[in-house]
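One file, start_8.txt, is given below (compact mmCIF, C-alpha atoms and all ligand atoms).
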```txt
# COMPACT_ATOMS: atom_id res chain seq x y z
CA MET A 1195 -27.11 -22.73 7.39
CA LEU A 1196 -27.14 -19.26 6.01
CA ASP A 1197 -30.40 -17.61 5.33
CA THR A 1198 -30.29 -16.26 1.81
CA ALA A 1199 -33.96 -15.41 1.46
CA PRO A 1200 -34.54 -12.30 -0.67
CA ASP A 1201 -36.11 -10.35 2.21
CA SER A 1202 -32.76 -10.34 3.98
CA THR A 1203 -31.46 -7.94 1.33
CA THR A 1204 -31.98 -4.25 1.08
CA SER A 1205 -35.12 -2.95 -0.49
CA PRO A 1206 -34.43 -0.62 -3.41
CA THR A 1207 -36.95 2.00 -2.27
CA THR A 1208 -35.37 2.66 1.13
CA SER A 1209 -31.85 2.73 -0.24
CA ALA A 1210 -32.66 5.25 -2.94
CA ARG A 1211 -33.36 7.68 -0.14
CA THR A 1212 -30.27 6.74 1.86
CA LEU A 1213 -28.20 7.85 -1.11
CA GLN A 1214 -29.03 11.47 -0.39
CA SER A 1215 -27.95 11.26 3.25
CA PRO A 1216 -24.33 11.72 4.32
CA VAL A 1217 -22.29 8.56 4.04
CA ALA A 1218 -22.08 6.78 7.37
CA LEU A 1219 -18.75 5.31 8.27
CA PRO A 1220 -18.35 1.89 9.85
CA ALA A 1221 -18.44 1.75 13.62
CA GLN A 1222 -15.12 2.82 15.01
CA THR A 1223 -13.82 0.10 17.23
CA GLY A 1224 -10.20 0.93 16.44
CA GLY A 1225 -7.57 -1.73 16.16
CA ALA A 1226 -5.69 -4.16 18.35
CA THR A 1227 -1.97 -4.81 18.69
CA ILE A 1228 -0.68 -7.92 16.91
CA GLN A 1229 2.44 -9.66 18.17
CA LEU A 1230 4.27 -12.47 16.44
CA LEU A 1231 6.74 -14.14 18.78
CA ASP A 1232 9.27 -16.51 17.27
CA VAL A 1233 6.77 -17.79 14.72
CA THR A 1234 7.86 -20.58 12.39
CA LYS A 1235 6.02 -22.50 9.69
CA SER A 1236 7.48 -25.62 8.12
CA TYR A 1237 5.37 -27.21 5.41
CA PRO A 1238 5.53 -30.98 5.46
CA GLY A 1239 8.04 -32.29 2.95
CA SER A 1240 10.12 -29.12 2.56
CA ASP A 1241 13.64 -28.91 3.98
CA ALA A 1242 13.61 -25.23 4.92
CA PRO A 1243 10.80 -23.51 6.82
CA ALA A 1244 8.62 -21.13 4.78
CA VAL A 1245 8.66 -18.73 7.74
CA ASP A 1246 11.65 -18.90 10.05
CA HIS A 1247 11.46 -17.57 13.62
CA VAL A 1248 9.74 -14.27 12.87
CA THR A 1249 9.17 -11.83 15.71
CA MET A 1250 7.38 -8.56 15.11
CA GLU A 1251 4.91 -6.24 16.76
CA ILE A 1252 2.23 -4.40 14.83
CA ALA A 1253 0.88 -1.41 16.71
CA ALA A 1254 -2.87 -0.94 17.09
CA GLY A 1255 -4.36 1.27 14.39
CA GLU A 1256 -1.41 1.05 12.00
CA ILE A 1257 -1.12 -0.27 8.47
CA VAL A 1258 1.93 -2.49 8.36
CA VAL A 1259 2.98 -3.63 4.90
CA LEU A 1260 4.84 -6.89 4.41
CA VAL A 1261 6.80 -6.44 1.21
CA GLY A 1262 9.14 -8.96 -0.39
CA PRO A 1263 9.63 -11.06 -3.50
CA SER A 1264 7.29 -13.83 -4.53
CA GLY A 1265 7.74 -16.95 -2.43
CA CYS A 1266 9.44 -15.21 0.51
CA GLY A 1267 6.65 -16.19 2.90
CA LYS A 1268 4.38 -13.13 3.03
CA THR A 1269 1.10 -15.01 2.56
CA THR A 1270 2.13 -17.75 4.96
CA THR A 1271 3.02 -15.17 7.62
CA MET A 1272 -0.29 -13.38 7.14
CA LYS A 1273 -2.46 -16.50 7.12
CA MET A 1274 -1.02 -17.61 10.43
CA ILE A 1275 -2.49 -14.48 12.02
CA ASN A 1276 -6.05 -15.63 11.26
CA ARG A 1277 -5.08 -19.29 11.44
CA LEU A 1278 -5.88 -20.17 7.89
CA ILE A 1279 -2.43 -21.71 8.35
CA GLU A 1280 -1.38 -23.09 11.73
CA PRO A 1281 2.14 -22.16 12.88
CA THR A 1282 4.57 -24.99 13.51
CA SER A 1283 5.87 -23.12 16.56
CA GLY A 1284 5.75 -19.72 18.17
CA THR A 1285 3.05 -17.49 19.62
CA ILE A 1286 0.63 -15.00 18.07
CA LEU A 1287 -1.13 -12.49 20.28
CA ILE A 1288 -3.90 -10.11 19.25
CA GLY A 1289 -4.76 -7.53 21.86
CA GLY A 1290 -2.74 -9.67 24.26
CA THR A 1291 -4.84 -12.80 23.61
CA ASP A 1292 -3.07 -15.94 22.42
CA VAL A 1293 -4.98 -16.70 19.23
CA LEU A 1294 -3.73 -20.27 19.08
CA ARG A 1295 -5.86 -20.98 22.14
CA LEU A 1296 -9.05 -19.69 20.53
CA ASP A 1297 -11.52 -21.68 18.50
CA ALA A 1298 -10.00 -21.42 15.01
CA ASP A 1299 -13.26 -20.90 13.08
CA GLU A 1300 -14.54 -18.29 15.47
CA HIS A 1301 -11.20 -16.48 15.44
CA ARG A 1302 -11.18 -16.43 11.63
CA ARG A 1303 -14.57 -14.72 11.55
CA ASN A 1304 -13.26 -12.03 13.84
CA VAL A 1305 -10.46 -11.06 11.48
CA GLY A 1306 -11.27 -9.23 8.24
CA TYR A 1307 -9.61 -10.79 5.21
CA VAL A 1308 -9.26 -9.39 1.68
CA ILE A 1309 -7.47 -11.25 -1.09
CA GLN A 1310 -6.55 -10.52 -4.69
CA GLN A 1311 -8.87 -13.22 -6.03
CA ILE A 1312 -11.71 -11.47 -4.14
CA GLY A 1313 -13.50 -14.75 -3.53
CA LEU A 1314 -17.11 -13.57 -3.65
CA PHE A 1315 -19.67 -16.35 -3.85
CA PRO A 1316 -20.98 -16.19 -7.44
CA HIS A 1317 -24.43 -17.55 -6.63
CA MET A 1318 -25.04 -15.04 -3.84
CA ARG A 1319 -26.15 -11.47 -4.32
CA ILE A 1320 -23.79 -8.66 -3.24
CA ALA A 1321 -25.79 -8.03 -0.05
CA GLU A 1322 -25.64 -11.71 0.87
CA ASN A 1323 -21.91 -11.83 0.26
CA ILE A 1324 -21.30 -8.87 2.54
CA GLY A 1325 -23.73 -10.10 5.20
CA LEU A 1326 -22.21 -13.56 5.36
CA VAL A 1327 -20.03 -13.17 8.44
CA PRO A 1328 -22.50 -11.08 10.47
CA ARG A 1329 -25.18 -13.75 9.85
CA MET A 1330 -22.75 -16.48 10.91
CA LEU A 1331 -22.05 -14.47 14.04
CA GLY A 1332 -25.78 -14.54 14.76
CA TRP A 1333 -26.73 -10.95 13.93
CA SER A 1334 -30.41 -10.44 13.20
CA LYS A 1335 -31.53 -10.01 9.59
CA LYS A 1336 -32.44 -6.43 10.32
CA LYS A 1337 -29.11 -5.49 11.88
CA THR A 1338 -27.22 -7.30 9.11
CA ALA A 1339 -29.23 -5.56 6.37
CA ALA A 1340 -28.58 -2.15 7.94
CA ARG A 1341 -24.86 -2.90 8.18
CA VAL A 1342 -24.72 -4.11 4.57
CA GLU A 1343 -26.42 -0.96 3.38
CA GLU A 1344 -24.06 1.24 5.39
CA LEU A 1345 -20.99 -0.54 4.02
CA LEU A 1346 -22.15 -0.36 0.41
CA GLU A 1347 -22.45 3.41 0.86
CA VAL A 1348 -19.01 3.55 2.44
CA VAL A 1349 -17.32 1.77 -0.47
CA GLY A 1350 -19.19 3.88 -3.01
CA LEU A 1351 -21.69 1.34 -4.34
CA PRO A 1352 -25.20 2.74 -3.81
CA PRO A 1353 -27.19 -0.13 -2.27
CA GLY A 1354 -30.28 0.59 -4.35
CA GLU A 1355 -28.28 -0.20 -7.43
CA TYR A 1356 -25.88 -2.90 -6.25
CA ALA A 1357 -27.23 -4.84 -3.25
CA ARG A 1358 -29.26 -7.27 -5.33
CA ARG A 1359 -26.78 -7.82 -8.13
CA TYR A 1360 -24.62 -10.90 -8.50
CA PRO A 1361 -20.82 -10.56 -8.48
CA ARG A 1362 -20.56 -11.19 -12.23
CA GLU A 1363 -22.68 -8.07 -12.79
CA LEU A 1364 -19.91 -5.86 -11.31
CA SER A 1365 -16.56 -4.72 -12.69
CA GLY A 1366 -13.33 -6.00 -11.16
CA GLY A 1367 -12.80 -2.80 -9.19
CA GLN A 1368 -16.39 -2.87 -7.91
CA GLN A 1369 -16.01 -6.51 -6.87
CA GLN A 1370 -12.84 -5.60 -5.00
CA ARG A 1371 -14.79 -2.86 -3.15
CA VAL A 1372 -17.33 -5.52 -2.18
CA GLY A 1373 -14.42 -7.63 -0.95
CA VAL A 1374 -13.34 -4.75 1.31
CA ALA A 1375 -16.93 -4.19 2.51
CA ARG A 1376 -17.28 -7.89 3.30
CA ALA A 1377 -14.06 -7.89 5.33
CA LEU A 1378 -15.32 -4.88 7.30
CA ALA A 1379 -18.79 -6.31 7.85
CA ALA A 1380 -18.43 -7.52 11.42
CA ASP A 1381 -16.24 -4.52 12.29
CA PRO A 1382 -13.13 -6.56 13.12
CA PRO A 1383 -10.24 -4.82 14.92
CA VAL A 1384 -7.75 -6.54 12.62
CA MET A 1385 -7.75 -6.77 8.84
CA LEU A 1386 -5.47 -8.87 6.68
CA MET A 1387 -5.11 -7.78 3.07
CA ASP A 1388 -3.12 -10.01 0.69
CA GLU A 1389 -2.28 -8.13 -2.53
CA PRO A 1390 -5.87 -6.84 -2.42
CA PHE A 1391 -5.61 -4.46 -5.36
CA GLY A 1392 -3.09 -6.44 -7.38
CA ALA A 1393 -5.46 -7.63 -10.06
CA THR A 1394 -6.87 -4.24 -11.03
CA ASP A 1395 -5.62 -1.83 -13.70
CA PRO A 1396 -3.29 0.98 -12.49
CA ILE A 1397 -5.97 3.69 -12.44
CA THR A 1398 -8.53 1.60 -10.56
CA ARG A 1399 -5.79 0.45 -8.24
CA ASP A 1400 -4.75 4.00 -7.42
CA ARG A 1401 -8.38 4.91 -6.73
CA LEU A 1402 -8.97 1.86 -4.50
CA GLN A 1403 -5.77 2.65 -2.56
CA ASN A 1404 -6.86 6.26 -2.00
CA GLU A 1405 -10.39 5.24 -0.98
CA PHE A 1406 -9.02 2.70 1.42
CA LEU A 1407 -6.59 5.16 3.02
CA ARG A 1408 -9.42 7.65 3.50
CA LEU A 1409 -11.56 4.95 5.11
CA GLN A 1410 -8.71 3.85 7.37
CA ARG A 1411 -8.24 7.41 8.63
CA GLU A 1412 -11.75 7.11 10.09
CA MET A 1413 -11.56 3.48 11.18
CA GLY A 1414 -8.10 3.10 12.70
CA LYS A 1415 -8.05 -0.68 12.19
CA THR A 1416 -4.87 -2.64 12.63
CA ILE A 1417 -4.04 -3.76 9.11
CA VAL A 1418 -1.48 -6.19 7.78
CA PHE A 1419 -1.11 -5.51 4.07
CA VAL A 1420 0.91 -7.78 1.78
CA THR A 1421 2.38 -6.67 -1.53
CA HIS A 1422 5.42 -7.38 -3.71
CA ASP A 1423 5.31 -3.79 -5.02
CA PHE A 1424 7.54 -1.42 -3.04
CA ASP A 1425 5.81 1.69 -4.36
CA GLU A 1426 2.49 0.36 -3.06
CA ALA A 1427 4.20 -0.34 0.28
CA LEU A 1428 5.41 3.28 0.44
CA LYS A 1429 1.96 4.58 -0.29
CA MET A 1430 -0.05 2.34 2.03
CA GLY A 1431 2.26 1.68 4.97
CA ASP A 1432 2.55 3.52 8.26
CA ARG A 1433 5.37 1.02 8.67
CA ILE A 1434 6.96 -1.39 6.23
CA ALA A 1435 8.57 -4.75 6.94
CA VAL A 1436 10.92 -5.61 4.09
CA LEU A 1437 11.08 -9.40 4.07
CA GLY A 1438 13.79 -11.67 2.72
CA PRO A 1439 13.53 -15.42 2.12
CA GLN A 1440 11.68 -17.31 4.87
CA SER A 1441 10.06 -14.05 5.95
CA VAL A 1442 13.24 -12.95 7.67
CA ILE A 1443 12.84 -9.24 8.42
CA ALA A 1444 15.51 -7.21 6.63
CA GLN A 1445 14.17 -3.89 7.91
CA TYR A 1446 11.07 -2.80 9.78
CA ASP A 1447 10.51 0.93 9.93
CA THR A 1448 8.53 3.85 8.56
CA PRO A 1449 8.64 4.46 4.79
CA GLU A 1450 10.60 7.68 5.41
CA ALA A 1451 13.24 5.95 7.53
CA ILE A 1452 13.67 3.07 5.07
CA LEU A 1453 14.10 5.43 2.14
CA ALA A 1454 16.48 7.64 4.12
CA ALA A 1455 18.65 4.81 5.35
CA PRO A 1456 18.12 1.34 3.88
CA ALA A 1457 19.51 -1.22 6.35
CA ASN A 1458 21.50 -3.16 3.75
CA ASP A 1459 21.98 -3.81 0.03
CA TYR A 1460 18.97 -6.12 -0.07
CA VAL A 1461 16.65 -3.36 1.12
CA ALA A 1462 18.36 -0.84 -1.16
CA SER A 1463 17.75 -3.12 -4.15
CA PHE A 1464 14.07 -3.15 -3.25
CA ILE A 1465 13.88 0.60 -3.20
CA GLY A 1466 15.47 0.65 -6.63
CA SER A 1467 16.71 3.82 -8.24
CA GLY A 1468 15.45 7.22 -7.22
CA GLY A 1469 15.11 6.50 -3.52
CA GLN A 1470 15.66 10.14 -2.64
CA LEU A 1471 13.03 11.19 -5.12
CA LYS A 1472 10.60 8.67 -3.65
CA ARG A 1473 11.06 10.37 -0.28
CA LEU A 1474 9.70 13.52 -1.84
CA GLY A 1475 6.55 11.56 -2.68
CA LEU A 1476 5.94 10.98 1.05
CA MET A 1477 6.09 14.67 1.95
CA ARG A 1478 3.20 17.06 1.43
CA LEU A 1479 3.37 20.76 0.70
CA ARG A 1480 0.88 21.40 3.47
CA ASP A 1481 3.52 20.11 5.94
CA ALA A 1482 6.37 22.04 4.33
CA GLU A 1483 7.58 25.47 5.28
CA LEU A 1484 6.58 27.78 2.45
CA ARG A 1485 8.31 30.99 1.45
CA PRO A 1486 6.26 34.17 1.09
CA ALA A 1487 4.60 34.51 -2.30
CA PRO A 1488 6.85 36.62 -4.53
CA ALA A 1489 5.61 39.74 -6.26
CA ARG A 1490 6.18 38.11 -9.63
CA ARG A 1491 3.10 35.99 -10.11
CA ASN A 1492 3.65 34.54 -13.57
CA LEU A 1493 4.92 31.28 -12.13
CA PRO A 1494 3.36 27.82 -12.27
CA VAL A 1495 0.91 27.10 -9.44
CA ILE A 1496 0.39 23.88 -7.51
CA THR A 1497 -2.15 22.91 -4.84
CA ILE A 1498 -1.02 22.61 -1.22
CA GLU A 1499 -2.47 19.08 -1.20
CA ALA A 1500 0.26 17.93 -3.61
CA THR A 1501 3.47 16.15 -2.60
CA LEU A 1502 6.96 17.62 -2.89
CA HIS A 1503 7.51 15.11 -5.68
CA ASP A 1504 4.59 16.66 -7.57
CA ALA A 1505 6.15 20.09 -6.98
CA LEU A 1506 9.45 18.91 -8.43
CA ASP A 1507 7.62 17.52 -11.48
CA VAL A 1508 5.99 20.91 -12.08
CA MET A 1509 9.36 22.67 -11.80
CA LEU A 1510 11.02 20.27 -14.21
CA GLU A 1511 8.13 20.39 -16.69
CA ASN A 1512 8.20 24.17 -16.71
CA GLY A 1513 11.96 24.65 -16.46
CA VAL A 1514 11.69 26.87 -13.37
CA ASP A 1515 13.23 26.62 -9.92
CA LYS A 1516 10.33 28.22 -8.06
CA ILE A 1517 6.54 27.72 -8.06
CA LEU A 1518 3.54 29.15 -6.26
CA VAL A 1519 1.40 27.15 -3.83
CA ALA A 1520 -2.36 27.67 -3.80
CA ARG A 1521 -5.02 26.49 -1.38
CA ASP A 1522 -7.49 24.82 -3.68
CA GLU A 1523 -7.40 21.66 -5.76
CA SER A 1524 -6.99 23.25 -9.18
CA GLY A 1525 -4.23 25.53 -7.94
CA THR A 1526 -5.99 28.68 -9.12
CA GLY A 1527 -7.30 30.10 -5.81
CA GLU A 1528 -5.63 32.01 -2.99
CA ILE A 1529 -1.82 31.90 -3.18
CA LEU A 1530 -0.37 30.76 0.15
CA GLY A 1531 3.30 31.03 -0.65
CA SER A 1532 6.02 29.62 -2.84
CA ILE A 1533 8.58 26.85 -2.78
CA ARG A 1534 11.97 26.53 -4.45
CA MET A 1535 14.02 23.67 -5.82
CA ASP A 1536 16.55 24.25 -2.99
CA ASP A 1537 13.80 23.75 -0.42
CA LEU A 1538 12.93 20.38 -1.95
CA MET A 1539 16.57 19.34 -1.89
CA SER A 1540 17.15 20.37 1.68
CA SER A 1541 13.97 18.64 2.82
CA ILE A 1542 15.39 15.27 1.80
CA ALA A 1543 18.98 16.04 2.78
CA ASP A 1544 17.83 17.21 6.18
CA ASP A 1545 17.41 14.30 8.55
CA SER A 1546 18.51 13.36 12.00
CA SER A 1547 20.82 10.53 10.95
CA ASP A 1548 24.50 11.25 10.51
CA GLU A 1549 24.46 10.23 6.90
CA PRO A 1550 26.16 12.72 4.61
CA ALA A 1551 23.78 15.23 3.09
CA VAL A 1552 22.34 13.98 -0.14
CA THR A 1553 21.72 15.96 -3.25
CA ILE A 1554 19.17 14.93 -5.79
CA ASP A 1555 19.93 14.41 -9.40
CA PRO A 1556 16.77 15.36 -11.26
CA SER A 1557 17.81 13.23 -14.22
CA ALA A 1558 17.85 10.09 -12.06
CA GLY A 1559 15.02 7.97 -11.08
CA SER A 1560 11.44 7.05 -11.04
P1 LIG B 1601 4.60 -15.24 -0.84
O1 LIG B 1601 3.21 -14.94 -0.37
O2 LIG B 1601 5.63 -14.33 -0.27
O3 LIG B 1601 4.69 -15.32 -2.33
P2 LIG B 1601 4.13 -17.87 0.35
O4 LIG B 1601 3.92 -17.61 1.79
O5 LIG B 1601 2.93 -18.13 -0.48
O6 LIG B 1601 5.01 -16.69 -0.27
O7 LIG B 1601 5.11 -19.10 0.20
C1 LIG B 1601 6.32 -19.21 0.93
C2 LIG B 1601 7.00 -20.55 0.61
O8 LIG B 1601 6.22 -21.61 1.12
C3 LIG B 1601 7.18 -20.81 -0.87
O9 LIG B 1601 8.40 -21.47 -1.06
C4 LIG B 1601 6.01 -21.72 -1.19
O10 LIG B 1601 6.35 -22.55 -2.26
C5 LIG B 1601 5.85 -22.50 0.09
N1 LIG B 1601 4.45 -22.91 0.29
C6 LIG B 1601 3.39 -22.08 0.36
N2 LIG B 1601 2.25 -22.76 0.60
C7 LIG B 1601 2.63 -24.07 0.71
C8 LIG B 1601 1.93 -25.29 0.97
N3 LIG B 1601 0.61 -25.31 1.19
N4 LIG B 1601 2.65 -26.44 1.00
C9 LIG B 1601 3.98 -26.44 0.81
N5 LIG B 1601 4.71 -25.32 0.57
C10 LIG B 1601 4.04 -24.16 0.52
MG MG B 1602 1.50 -14.49 -1.49
```

Represent the structure from my file as structure tokens, please.
Amino acid sequence: MLDTAPDSTTSPTTSARTLQSPVALPAQTGGATIQLLDVTKSYPGSDAPAVDHVTMEIAAGEIVVLVGPSGCGKTTTMKMINRLIEPTSGTILIGGTDVLRLDADEHRRNVGYVIQQIGLFPHMRIAENIGLVPRMLGWSKKKTAARVEELLEVVGLPPGEYARRYPRELSGGQQQRVGVARALAADPPVMLMDEPFGATDPITRDRLQNEFLRLQREMGKTIVFVTHDFDEALKMGDRIAVLGPQSVIAQYDTPEAILAAPANDYVASFIGSGGQLKRLGLMRLRDAELRPAPARRNLPVITIEATLHDALDVMLENGVDKILVARDESGTGEILGSIRMDDLMSSIADDSSDEPAVTIDPSAGS
């Protein structure tokens, strides 16, 4: 059984000092390719399969978002990857290994899993919750404690303050961070995240998304991320699989490509209105070609870290067709150049497909 003795948790005195040191990131094992080959799941007693002959490849180190309406089979598809649900037929390979041939319990521990309901054990302290899988995998108390401390730092919960608390002593957003830390504990190459931030308020959700994307830039895990929210899919996904009923893939491509050319009306309906404007939200000023800064400097200023969508917002708010771009966050430092409304329009009209050029209607959309 699990050892939950208090000495397996972090001592407050050592962690107070760790706080000052730079935040260590989790070990970087990178990710592994996931392949679903003709995977089907039929639940006993239902006429139609919940997941019908799905084939897809998820490249190592990418976040792939499965997006689709409630009941379309997202959770079933995801849970077959860690064998919380056994496929009726088909093959699932991770890093080329057929996972259906592995010991199911052992396989499950090697895949990180984050769910909306968080699922922390209420009677265990935060450190014990995070250390659960490493202890099951036979890590020593010392190695587990060090890993727990490192992960608490990574997710922004100073161990000195949080390691010995119980889940009920944390806010929803903090509990969700613990959920992420727990999934990362044994440094799995693959993480499954099922509507992980769905239960939090919009501001907390935005923050958790940003923190997670920052973390992923360092970790390069292979992540399957489920959501019913297309805007979340755009933000989180390197690639998005838009799923129809029975997990049938309507389109599987980058966010940019899906917004530029939805495969059919079903995908288009998912994007909703303002698809062209949403494309602007995927492009950053730092990647755009800026014009020289004009002599006239009494124009609104935006930071180069902002998106083209943010730039359009500033233009519309100020009733101007040109703004300045500055290096720093507040937009008050060195001016690097300027950008015009025309530039924004041509950036979304300009793509390699032979679609007719699109113009944006600033009154439309999101
Ligand atoms: P999603 O996550 O996209 O909302 P699910 O994968 O949870 O969808 O469900 C897909 C379909 O399978 C739904 O019709 C659901 O009712 C059915 N289903 C899910 N779990 C079970 C189960 N344990 N037994 C029978 N049917 C199920
Ligand atoms: Mg679901």

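Of the residues under consideration (A:Arg1359, A:Arg1411, A:Lys1273, A:Arg1371), A:Lys1273 shows the shortest atom-to-atom contact distance to ligand LIG 1601 (chain B) when counting only C-alpha atoms and all ligand atoms.
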
Expected selection as a PyMOL selection string for ligand MG 1602 (chain B) within 8 Å, all atoms listed in the file: chain A and resi 1264-1265+1267-1270+1388-1389+1420-1421

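Considering only C-alpha atoms and all ligand atoms, the residue among A:Ser1283, A:Gln1229, A:Thr1234, A:Ser1541 positioned nearest to ligand LIG 1601 (chain B) is A:Thr1234.
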
Could you pull the residues within 7 Å of stretch 1531-1535 of chain A, counting all atoms listed in the file, minus those fewer than 5 positions along the same chain, as a list in words?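 Counting all atoms listed in the file, the residues come to Leu1484, Arg1485, Pro1486, Ala1487, Asp1515, Lys1516, Ile1517, Leu1518 and Val1519 of chain A.
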
Suppose we keep C-alpha atoms; can you now write the selection as a short mmCIF file (atom, residue, chain, number, x, y, z; two decimals), keeping the file's coordinate frame?
```cif
data_model
loop_
_atom_site.label_atom_id
_atom_site.label_comp_id
_atom_site.auth_asym_id
_atom_site.auth_seq_id
_atom_site.Cartn_x
_atom_site.Cartn_y
_atom_site.Cartn_z
CA LEU A 1484 6.58 27.78 2.45
CA ARG A 1485 8.31 30.99 1.45
CA PRO A 1486 6.26 34.17 1.09
CA ALA A 1487 4.60 34.51 -2.30
CA ASP A 1515 13.23 26.62 -9.92
CA LYS A 1516 10.33 28.22 -8.06
CA ILE A 1517 6.54 27.72 -8.06
CA LEU A 1518 3.54 29.15 -6.26
CA VAL A 1519 1.40 27.15 -3.83
#
```

List all protein, DNA and RNA residues that have any atom at most 12 Å from ligand LIG 1601 (chain B), counting only C-alpha atoms and all ligand atoms, and write the list as number ranges by chain. A: 1234-1246, 1260-1274, 1278-1280, 1309-1310, 1387-1389, 1419-1423, 1436-1442

For A:Pro1382, which residue among A:Asn1404, A:Gly1469, A:Leu1331, A:Val1348 is the nearest when counting all atoms listed in the file? A:Leu1331

re atom CA of A:Phe1391 and atom CA of A:Leu1428: distance 14.7 Å

Which value, in Å to one decimal, gives the distance between atom CA of A:Ser1463 and atom CA of A:Val1259?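 Going from atom CA of A:Ser1463 over to atom CA of A:Val1259, I get 17.3 Å.
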
When you look at A:Ala1321 with a cut-off of 7 Å (counting only C-alpha atoms), what residues show up, excluding the ones that are within fewer than 3 positions of it in the same chain? I need them as an MDAnalysis selection string. chainID A and resid 1203 1324:1325 1342 1357:1358

Please, could you write that set of residues out with C-alpha atoms as a PDB file, in the frame of the given file?
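For reference, out-v2.pdb as written:
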```pdb
ATOM      1  CA  THR A1203     -31.460  -7.940   1.330  1.00  0.00           C
ATOM      2  CA  ILE A1324     -21.300  -8.870   2.540  1.00  0.00           C
ATOM      3  CA  GLY A1325     -23.730 -10.100   5.200  1.00  0.00           C
ATOM      4  CA  VAL A1342     -24.720  -4.110   4.570  1.00  0.00           C
ATOM      5  CA  ALA A1357     -27.230  -4.840  -3.250  1.00  0.00           C
ATOM      6  CA  ARG A1358     -29.260  -7.270  -5.330  1.00  0.00           C
TER       7      ARG A1358
END
```

One decimal, Å: what's the distance from atom CA of A:Thr1282 over to atom CA of A:Val1248, could you say? 11.9 Å

Which residue, A:Gln1311, A:Gln1470, A:Asn1458, A:Gln1369, has the smallest gap to A:Ile1443 when you use only C-alpha atoms? A:Asn1458

Check the smallest atom-to-atom distance from each of A:Gly1466, A:Ala1379, A:Pro1281, A:Gly1255 to A:Asn1323 using all atoms listed in the file, then report the winner.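 Using all atoms listed in the file, A:Asn1323 sits closest to A:Ala1379.
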
Would you list the contacts of A:Arg1302 as a list in words, taking every protein, DNA or RNA residue within 8 Å and counting all atoms listed in the file, but skipping same-chain residues closer than 4 positions in sequence? Asn1276, Arg1277, Leu1278, Ala1298 and Gly1306 of chain A

Contact residues around A:Gln1370 with all atoms listed in the file at 12 Å, ignoring same-chain residues under 5 positions, as a ChimeraX atom specification: /A:1307-1314,1320,1324,1346,1349-1351,1361-1362,1364-1365,1375-1377,1387,1389-1395,1398-1399,1401-1403,1405-1406

A:Pro1494, A:Gly1354, A:Pro1396, A:Pro1328 ranked by distance to A:Val1514, top pick (using all atoms listed in the file):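 Looking only at the distances to A:Val1514, the closest residue turns out to be A:Pro1494.
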
Output: stretch 1496-1513 of chain A of the preceding structure, restricted to C-alpha atoms, written as a PDB file, in the first residue's frame.
```pdb
ATOM      1  CA  ILE A1496       0.750  48.171 -28.790  1.00  0.00           C
ATOM      2  CA  THR A1497       3.322  45.638 -27.595  1.00  0.00           C
ATOM      3  CA  ILE A1498       4.985  43.336 -30.124  1.00  0.00           C
ATOM      4  CA  GLU A1499       3.860  40.386 -27.979  1.00  0.00           C
ATOM      5  CA  ALA A1500       0.219  41.074 -28.908  1.00  0.00           C
ATOM      6  CA  THR A1501      -1.730  39.275 -31.628  1.00  0.00           C
ATOM      7  CA  LEU A1502      -2.957  40.871 -34.855  1.00  0.00           C
ATOM      8  CA  HIS A1503      -6.438  40.552 -33.392  1.00  0.00           C
ATOM      9  CA  ASP A1504      -5.347  42.706 -30.454  1.00  0.00           C
ATOM     10  CA  ALA A1505      -3.928  45.219 -32.945  1.00  0.00           C
ATOM     11  CA  LEU A1506      -7.243  45.370 -34.790  1.00  0.00           C
ATOM     12  CA  ASP A1507      -9.060  45.926 -31.483  1.00  0.00           C
ATOM     13  CA  VAL A1508      -6.800  48.891 -30.705  1.00  0.00           C
ATOM     14  CA  MET A1509      -7.421  50.370 -34.162  1.00  0.00           C
ATOM     15  CA  LEU A1510     -11.178  49.989 -33.842  1.00  0.00           C
ATOM     16  CA  GLU A1511     -11.254  51.352 -30.288  1.00  0.00           C
ATOM     17  CA  ASN A1512      -9.278  54.403 -31.328  1.00  0.00           C
ATOM     18  CA  GLY A1513     -10.815  54.905 -34.760  1.00  0.00           C
TER      19      GLY A1513
END
```
